[in-house]
Amino acid sequence: MRLAKAAARLENAVSPKLDTMLRVGWAVVLACFLILAIGSLVGVLSKDESAFAYVAKGFLNGEIPYVDRWDQKGPLTYVLSLIGVLINDLWGIRVLAGVFLIGSTVAAYKLIRNGFGQLAAFFATTTLLVYYARLDPGGLTEHYALLFQFLALHAFVRIERQAGAGLPLAFLVGVLGAAAFLLRPNLVGVWLAMGIYWIIRDRGIPVRMWAAVLGGSTALVVVAGLLLLVGGLSAFWDATFTYNFHAYGEASSPADRLWTLRHGRSVLLPVVVIFVCAWFVALYAVVFRPELPGGDHPLVRLAVVLAPLELLLVSVSGYGYAHYYIALLPAILLLLSFAVWFVVEQRHVAATFLSVVLLIGSAHYYRAYDAVPKTISRVKSDVGRGDLRYQFADRIRQTTSPGDTVLVWGFQPLVHLVAERDSPTRYFYQFPLMMPGYTSRALIDGFTQDVRAKVPAAILDQRDHRLPPLDHTARSQWRGAPRYLDDATLFDALFDFVDENYEAVEKRSDWVLYALKTPNSASSR
């Protein structure tokens, strides 16, 4: 086998003593990169993470996700977030993210080492850790799905090595695919690529693919049954599919999707250059020259299908959030590993080894140098106590009572978590009420009725550009945001309620805190 010959050739090129020194050096470097990635998890929860934690906390009160606390991610997101919340409300999710990061790192290293050798595994794993630290580290759907992606690739390799159909492993592949789907539907690129690969190779739908479909379907049916049992299935469909269709489908133009790819190119520099070049070489080897290194390698063939598929799925949203590109990392690592293996196979070990070290090593240095200051800053910070969210949350907790509700006008669920005060409405952030095609007068009226029924003890206007400000003077200058409605009159009933019952008591930056009017202030009007 070519891989075995390449490994033997590389081993013969260095002395046993040098080989030991290289392995120890690689282990030390890998440990440093892992520490860098784990260190990047320190700091304040992002908006999305705090939203997941807030929804997960509802489980502890017997609430139903989507029904009692609205969010648009898949249900597995909140189940995993619940594990983090049980550890700690504010940093437990990051602990869970660290566990998933270590699991993903180990799974990636073993996959690449077994498929392409020790050298490729070293470069691929360091690439994973550097870009993890760069691409919005934390407990987001893409971070959880990364482990499922690598586990599915492990199962894929074992299936390809077995003489039989590998039906139990294929069933497991399907379950892992369902898990990724239940985090976010467009994170299933690895599984779609496997299906396409099997259909092309077998010129039909093989039995193993039916087993994978059965595994995925079984998991999805179980989750759908549980949601139906608790009365949350229709709300789940409405939030996860109907809303996302309008928010990321109808609202995204081809120009938006192209911009997403262009932005991803800049975010993933310089490794994206190797990624693209390696894909063209792999495509040539697989389609035209299967006798070349990698031409008959299952992971290389899969990567040829996976890379453009993941690019397509990432671009669907039309948004360029950094963590979206984490879904590309398995494809990037496979093609990077193929590039390392390919040059080793060319029998110019010394020269190619040096060129690969300089090329990829410089890329790592560039990105690591860029990520280190941010990681150090997170570690030194007092977990965000200087953050506006903490400042206002502390003030709210001091001036309200347990059991009071607080309306955050915007998207800052961390305020609810730190202040330990719930929202008076299921829409603890109000963006869906401004989404064209999804919102309706009934939704907005229901939101306003909830606020009137559970009168908030305080209202925090975050002044998010997607929502009209509560202050009428600021509202007159508001122009809205792309992809969202710009009609402030939709919330006239809410604005009237705020004007009648609340007064501004504190302003920091653009954020404004409102409290219920005292009898004196009310009578003075």
# chains A, B, ... in the order shown; residues from 1 in each chain; ligands from 1
>>> residues_around(residues="range 120-131 of chain A", least_positions_apart="5", cutoff="7 Å", atoms="only C-alpha atoms", output="number ranges by chain")
A: 26, 30, 33-34, 37, 105, 108-109, 112-113, 329, 333, 336-337, 340-341, 364, 367-368
>>> write_last_selection(atoms="N, CA and C atoms", output="PDB file, in the first residue's frame")
ATOM      1  N   TRP A  26       7.065  17.360  18.595  1.00  0.00           N
ATOM      2  CA  TRP A  26       5.698  17.487  18.107  1.00  0.00           C
ATOM      3  C   TRP A  26       4.689  17.441  19.249  1.00  0.00           C
ATOM      4  N   LEU A  30       2.111  20.370  20.045  1.00  0.00           N
ATOM      5  CA  LEU A  30       0.679  20.085  20.070  1.00  0.00           C
ATOM      6  C   LEU A  30       0.056  20.493  21.401  1.00  0.00           C
ATOM      7  N   PHE A  33      -0.380  24.256  21.452  1.00  0.00           N
ATOM      8  CA  PHE A  33      -1.521  24.680  20.652  1.00  0.00           C
ATOM      9  C   PHE A  33      -2.842  24.321  21.331  1.00  0.00           C
ATOM     10  N   LEU A  34      -2.892  23.175  22.000  1.00  0.00           N
ATOM     11  CA  LEU A  34      -4.102  22.785  22.710  1.00  0.00           C
ATOM     12  C   LEU A  34      -4.377  23.753  23.865  1.00  0.00           C
ATOM     13  N   ALA A  37      -5.861  26.860  22.439  1.00  0.00           N
ATOM     14  CA  ALA A  37      -7.272  26.714  22.074  1.00  0.00           C
ATOM     15  C   ALA A  37      -8.159  26.670  23.313  1.00  0.00           C
ATOM     16  N   THR A 105     -10.090  17.040  19.035  1.00  0.00           N
ATOM     17  CA  THR A 105      -8.653  17.025  18.759  1.00  0.00           C
ATOM     18  C   THR A 105      -8.110  15.600  18.704  1.00  0.00           C
ATOM     19  N   ALA A 108      -9.544  13.819  15.597  1.00  0.00           N
ATOM     20  CA  ALA A 108      -8.911  14.286  14.363  1.00  0.00           C
ATOM     21  C   ALA A 108      -7.495  13.742  14.234  1.00  0.00           C
ATOM     22  N   TYR A 109      -6.751  13.778  15.327  1.00  0.00           N
ATOM     23  CA  TYR A 109      -5.367  13.301  15.293  1.00  0.00           C
ATOM     24  C   TYR A 109      -5.301  11.819  14.908  1.00  0.00           C
ATOM     25  N   ILE A 112      -6.314  11.260  11.134  1.00  0.00           N
ATOM     26  CA  ILE A 112      -5.277  11.659  10.178  1.00  0.00           C
ATOM     27  C   ILE A 112      -4.040  10.774  10.302  1.00  0.00           C
ATOM     28  N   ARG A 113      -3.664  10.437  11.529  1.00  0.00           N
ATOM     29  CA  ARG A 113      -2.484   9.584  11.709  1.00  0.00           C
ATOM     30  C   ARG A 113      -2.693   8.228  11.053  1.00  0.00           C
ATOM     31  N   LEU A 329     -13.625  22.761   8.714  1.00  0.00           N
ATOM     32  CA  LEU A 329     -12.347  22.249   9.200  1.00  0.00           C
ATOM     33  C   LEU A 329     -12.091  20.780   8.855  1.00  0.00           C
ATOM     34  N   LEU A 333      -8.767  19.782   6.878  1.00  0.00           N
ATOM     35  CA  LEU A 333      -7.756  18.900   7.449  1.00  0.00           C
ATOM     36  C   LEU A 333      -7.483  17.702   6.554  1.00  0.00           C
ATOM     37  N   LEU A 336      -5.433  19.065   3.633  1.00  0.00           N
ATOM     38  CA  LEU A 336      -4.102  19.427   4.111  1.00  0.00           C
ATOM     39  C   LEU A 336      -3.265  18.177   4.346  1.00  0.00           C
ATOM     40  N   SER A 337      -3.865  17.167   4.943  1.00  0.00           N
ATOM     41  CA  SER A 337      -3.156  15.907   5.194  1.00  0.00           C
ATOM     42  C   SER A 337      -2.780  15.230   3.875  1.00  0.00           C
ATOM     43  N   VAL A 340       0.343  16.950   2.529  1.00  0.00           N
ATOM     44  CA  VAL A 340       1.560  16.498   3.197  1.00  0.00           C
ATOM     45  C   VAL A 340       1.942  15.107   2.709  1.00  0.00           C
ATOM     46  N   TRP A 341       0.977  14.235   2.676  1.00  0.00           N
ATOM     47  CA  TRP A 341       1.235  12.856   2.238  1.00  0.00           C
ATOM     48  C   TRP A 341       1.717  12.821   0.779  1.00  0.00           C
ATOM     49  N   HIS A 364       0.867  28.659  10.553  1.00  0.00           N
ATOM     50  CA  HIS A 364       0.526  28.485  11.960  1.00  0.00           C
ATOM     51  C   HIS A 364       1.057  29.629  12.800  1.00  0.00           C
ATOM     52  N   ARG A 367      -1.151  32.766  12.325  1.00  0.00           N
ATOM     53  CA  ARG A 367      -2.442  32.712  12.997  1.00  0.00           C
ATOM     54  C   ARG A 367      -2.279  32.589  14.511  1.00  0.00           C
ATOM     55  N   ALA A 368      -1.285  31.840  14.962  1.00  0.00           N
ATOM     56  CA  ALA A 368      -1.074  31.718  16.400  1.00  0.00           C
ATOM     57  C   ALA A 368      -0.674  33.072  16.987  1.00  0.00           C
TER      58      ALA A 368
END
>>> residues_around(residues="Tyr484 in chain A", least_positions_apart="4", cutoff="8 Å", atoms="only C-alpha atoms", output="PyMOL selection string")
chain A and resi 434-436+466+480
>>> closest_atom_pairs(of="range 94-146 of chain A", to="range 60-76 of chain A", cutoff="12 Å", atoms="only C-alpha atoms", output="CSV")
residue,atom,partner,partner_atom,distance
A:Leu140,CA,A:Lys73,CA,10.0
A:Thr141,CA,A:Lys73,CA,8.2
A:Glu142,CA,A:Lys73,CA,11.3
A:Tyr144,CA,A:Leu76,CA,9.7
A:Ala145,CA,A:Leu76,CA,10.4
>>> select_by_dssp(residues="range 452-488 of chain A", states="strand (DSSP E)", output="NGL selection string")
:A and (458-461)
>>> atom_distance(atom1="CA of Leu460 in chain A", atom2="CA of Val406 in chain A")
7.8 Å
>>> atom_distance(atom1="CA of Trp279 in chain A", atom2="CA of Gly103 in chain A")
26.5 Å
>>> residues_around(residues="Leu467 in chain A", least_positions_apart="2", cutoff="9 Å", atoms="only C-alpha atoms", output="PDB file with N, CA, C and O atoms, in the first residue's frame")
ATOM      1  N   TRP A 409     -34.746  44.667  25.623  1.00  0.00           N
ATOM      2  CA  TRP A 409     -35.137  45.047  24.270  1.00  0.00           C
ATOM      3  C   TRP A 409     -33.889  44.992  23.394  1.00  0.00           C
ATOM      4  O   TRP A 409     -33.087  45.913  23.342  1.00  0.00           O
ATOM      5  N   GLY A 410     -33.696  43.846  22.743  1.00  0.00           N
ATOM      6  CA  GLY A 410     -32.489  43.586  21.976  1.00  0.00           C
ATOM      7  C   GLY A 410     -32.132  42.117  22.091  1.00  0.00           C
ATOM      8  O   GLY A 410     -33.004  41.264  22.250  1.00  0.00           O
ATOM      9  N   GLN A 430     -36.024  39.871  20.343  1.00  0.00           N
ATOM     10  CA  GLN A 430     -37.196  40.187  19.527  1.00  0.00           C
ATOM     11  C   GLN A 430     -36.936  40.204  18.031  1.00  0.00           C
ATOM     12  O   GLN A 430     -37.780  40.645  17.256  1.00  0.00           O
ATOM     13  N   PHE A 431     -35.788  39.725  17.588  1.00  0.00           N
ATOM     14  CA  PHE A 431     -35.488  39.754  16.160  1.00  0.00           C
ATOM     15  C   PHE A 431     -36.534  39.031  15.309  1.00  0.00           C
ATOM     16  O   PHE A 431     -36.861  39.508  14.212  1.00  0.00           O
ATOM     17  N   MET A 434     -39.249  41.080  13.873  1.00  0.00           N
ATOM     18  CA  MET A 434     -38.908  42.039  12.826  1.00  0.00           C
ATOM     19  C   MET A 434     -38.510  41.341  11.530  1.00  0.00           C
ATOM     20  O   MET A 434     -38.009  41.989  10.612  1.00  0.00           O
ATOM     21  N   ARG A 463     -30.434  49.123  22.434  1.00  0.00           N
ATOM     22  CA  ARG A 463     -30.247  49.940  21.236  1.00  0.00           C
ATOM     23  C   ARG A 463     -29.632  49.135  20.095  1.00  0.00           C
ATOM     24  O   ARG A 463     -28.670  49.568  19.464  1.00  0.00           O
ATOM     25  N   ASP A 464     -30.174  47.954  19.879  1.00  0.00           N
ATOM     26  CA  ASP A 464     -29.728  47.166  18.737  1.00  0.00           C
ATOM     27  C   ASP A 464     -30.330  47.765  17.471  1.00  0.00           C
ATOM     28  O   ASP A 464     -31.514  48.120  17.439  1.00  0.00           O
ATOM     29  N   HIS A 465     -29.525  47.884  16.420  1.00  0.00           N
ATOM     30  CA  HIS A 465     -29.977  48.560  15.208  1.00  0.00           C
ATOM     31  C   HIS A 465     -31.104  47.825  14.494  1.00  0.00           C
ATOM     32  O   HIS A 465     -31.757  48.395  13.615  1.00  0.00           O
ATOM     33  N   PRO A 469     -35.606  52.068  18.750  1.00  0.00           N
ATOM     34  CA  PRO A 469     -35.367  52.419  20.160  1.00  0.00           C
ATOM     35  C   PRO A 469     -36.664  52.712  20.897  1.00  0.00           C
ATOM     36  O   PRO A 469     -37.657  53.143  20.296  1.00  0.00           O
ATOM     37  N   LEU A 470     -36.657  52.521  22.201  1.00  0.00           N
ATOM     38  CA  LEU A 470     -37.841  52.810  23.013  1.00  0.00           C
ATOM     39  C   LEU A 470     -38.038  54.317  23.177  1.00  0.00           C
ATOM     40  O   LEU A 470     -39.167  54.787  23.331  1.00  0.00           O
ATOM     41  N   TRP A 478     -34.205  56.472  13.666  1.00  0.00           N
ATOM     42  CA  TRP A 478     -33.880  55.069  13.382  1.00  0.00           C
ATOM     43  C   TRP A 478     -34.218  54.725  11.943  1.00  0.00           C
ATOM     44  O   TRP A 478     -35.252  55.115  11.419  1.00  0.00           O
ATOM     45  N   GLY A 480     -33.539  51.310  10.647  1.00  0.00           N
ATOM     46  CA  GLY A 480     -33.639  49.876  10.462  1.00  0.00           C
ATOM     47  C   GLY A 480     -32.338  49.246  10.008  1.00  0.00           C
ATOM     48  O   GLY A 480     -31.308  49.905   9.899  1.00  0.00           O
ATOM     49  N   ALA A 481     -32.399  47.954   9.718  1.00  0.00           N
ATOM     50  CA  ALA A 481     -31.216  47.192   9.329  1.00  0.00           C
ATOM     51  C   ALA A 481     -31.549  46.317   8.126  1.00  0.00           C
ATOM     52  O   ALA A 481     -32.706  45.946   7.918  1.00  0.00           O
ATOM     53  N   TYR A 484     -34.227  43.173   7.735  1.00  0.00           N
ATOM     54  CA  TYR A 484     -35.243  43.290   8.783  1.00  0.00           C
ATOM     55  C   TYR A 484     -36.215  44.412   8.415  1.00  0.00           C
ATOM     56  O   TYR A 484     -35.899  45.306   7.626  1.00  0.00           O
ATOM     57  N   LEU A 485     -37.405  44.367   9.017  1.00  0.00           N
ATOM     58  CA  LEU A 485     -38.383  45.411   8.797  1.00  0.00           C
ATOM     59  C   LEU A 485     -37.883  46.731   9.377  1.00  0.00           C
ATOM     60  O   LEU A 485     -37.124  46.754  10.351  1.00  0.00           O
ATOM     61  N   ASP A 486     -38.329  47.827   8.794  1.00  0.00           N
ATOM     62  CA  ASP A 486     -37.941  49.146   9.290  1.00  0.00           C
ATOM     63  C   ASP A 486     -39.164  49.983   9.671  1.00  0.00           C
ATOM     64  O   ASP A 486     -39.130  51.210   9.639  1.00  0.00           O
ATOM     65  N   ALA A 488     -41.317  51.148  12.530  1.00  0.00           N
ATOM     66  CA  ALA A 488     -41.381  51.284  13.986  1.00  0.00           C
ATOM     67  C   ALA A 488     -42.805  51.291  14.514  1.00  0.00           C
ATOM     68  O   ALA A 488     -43.032  51.011  15.698  1.00  0.00           O
TER      69      ALA A 488
END
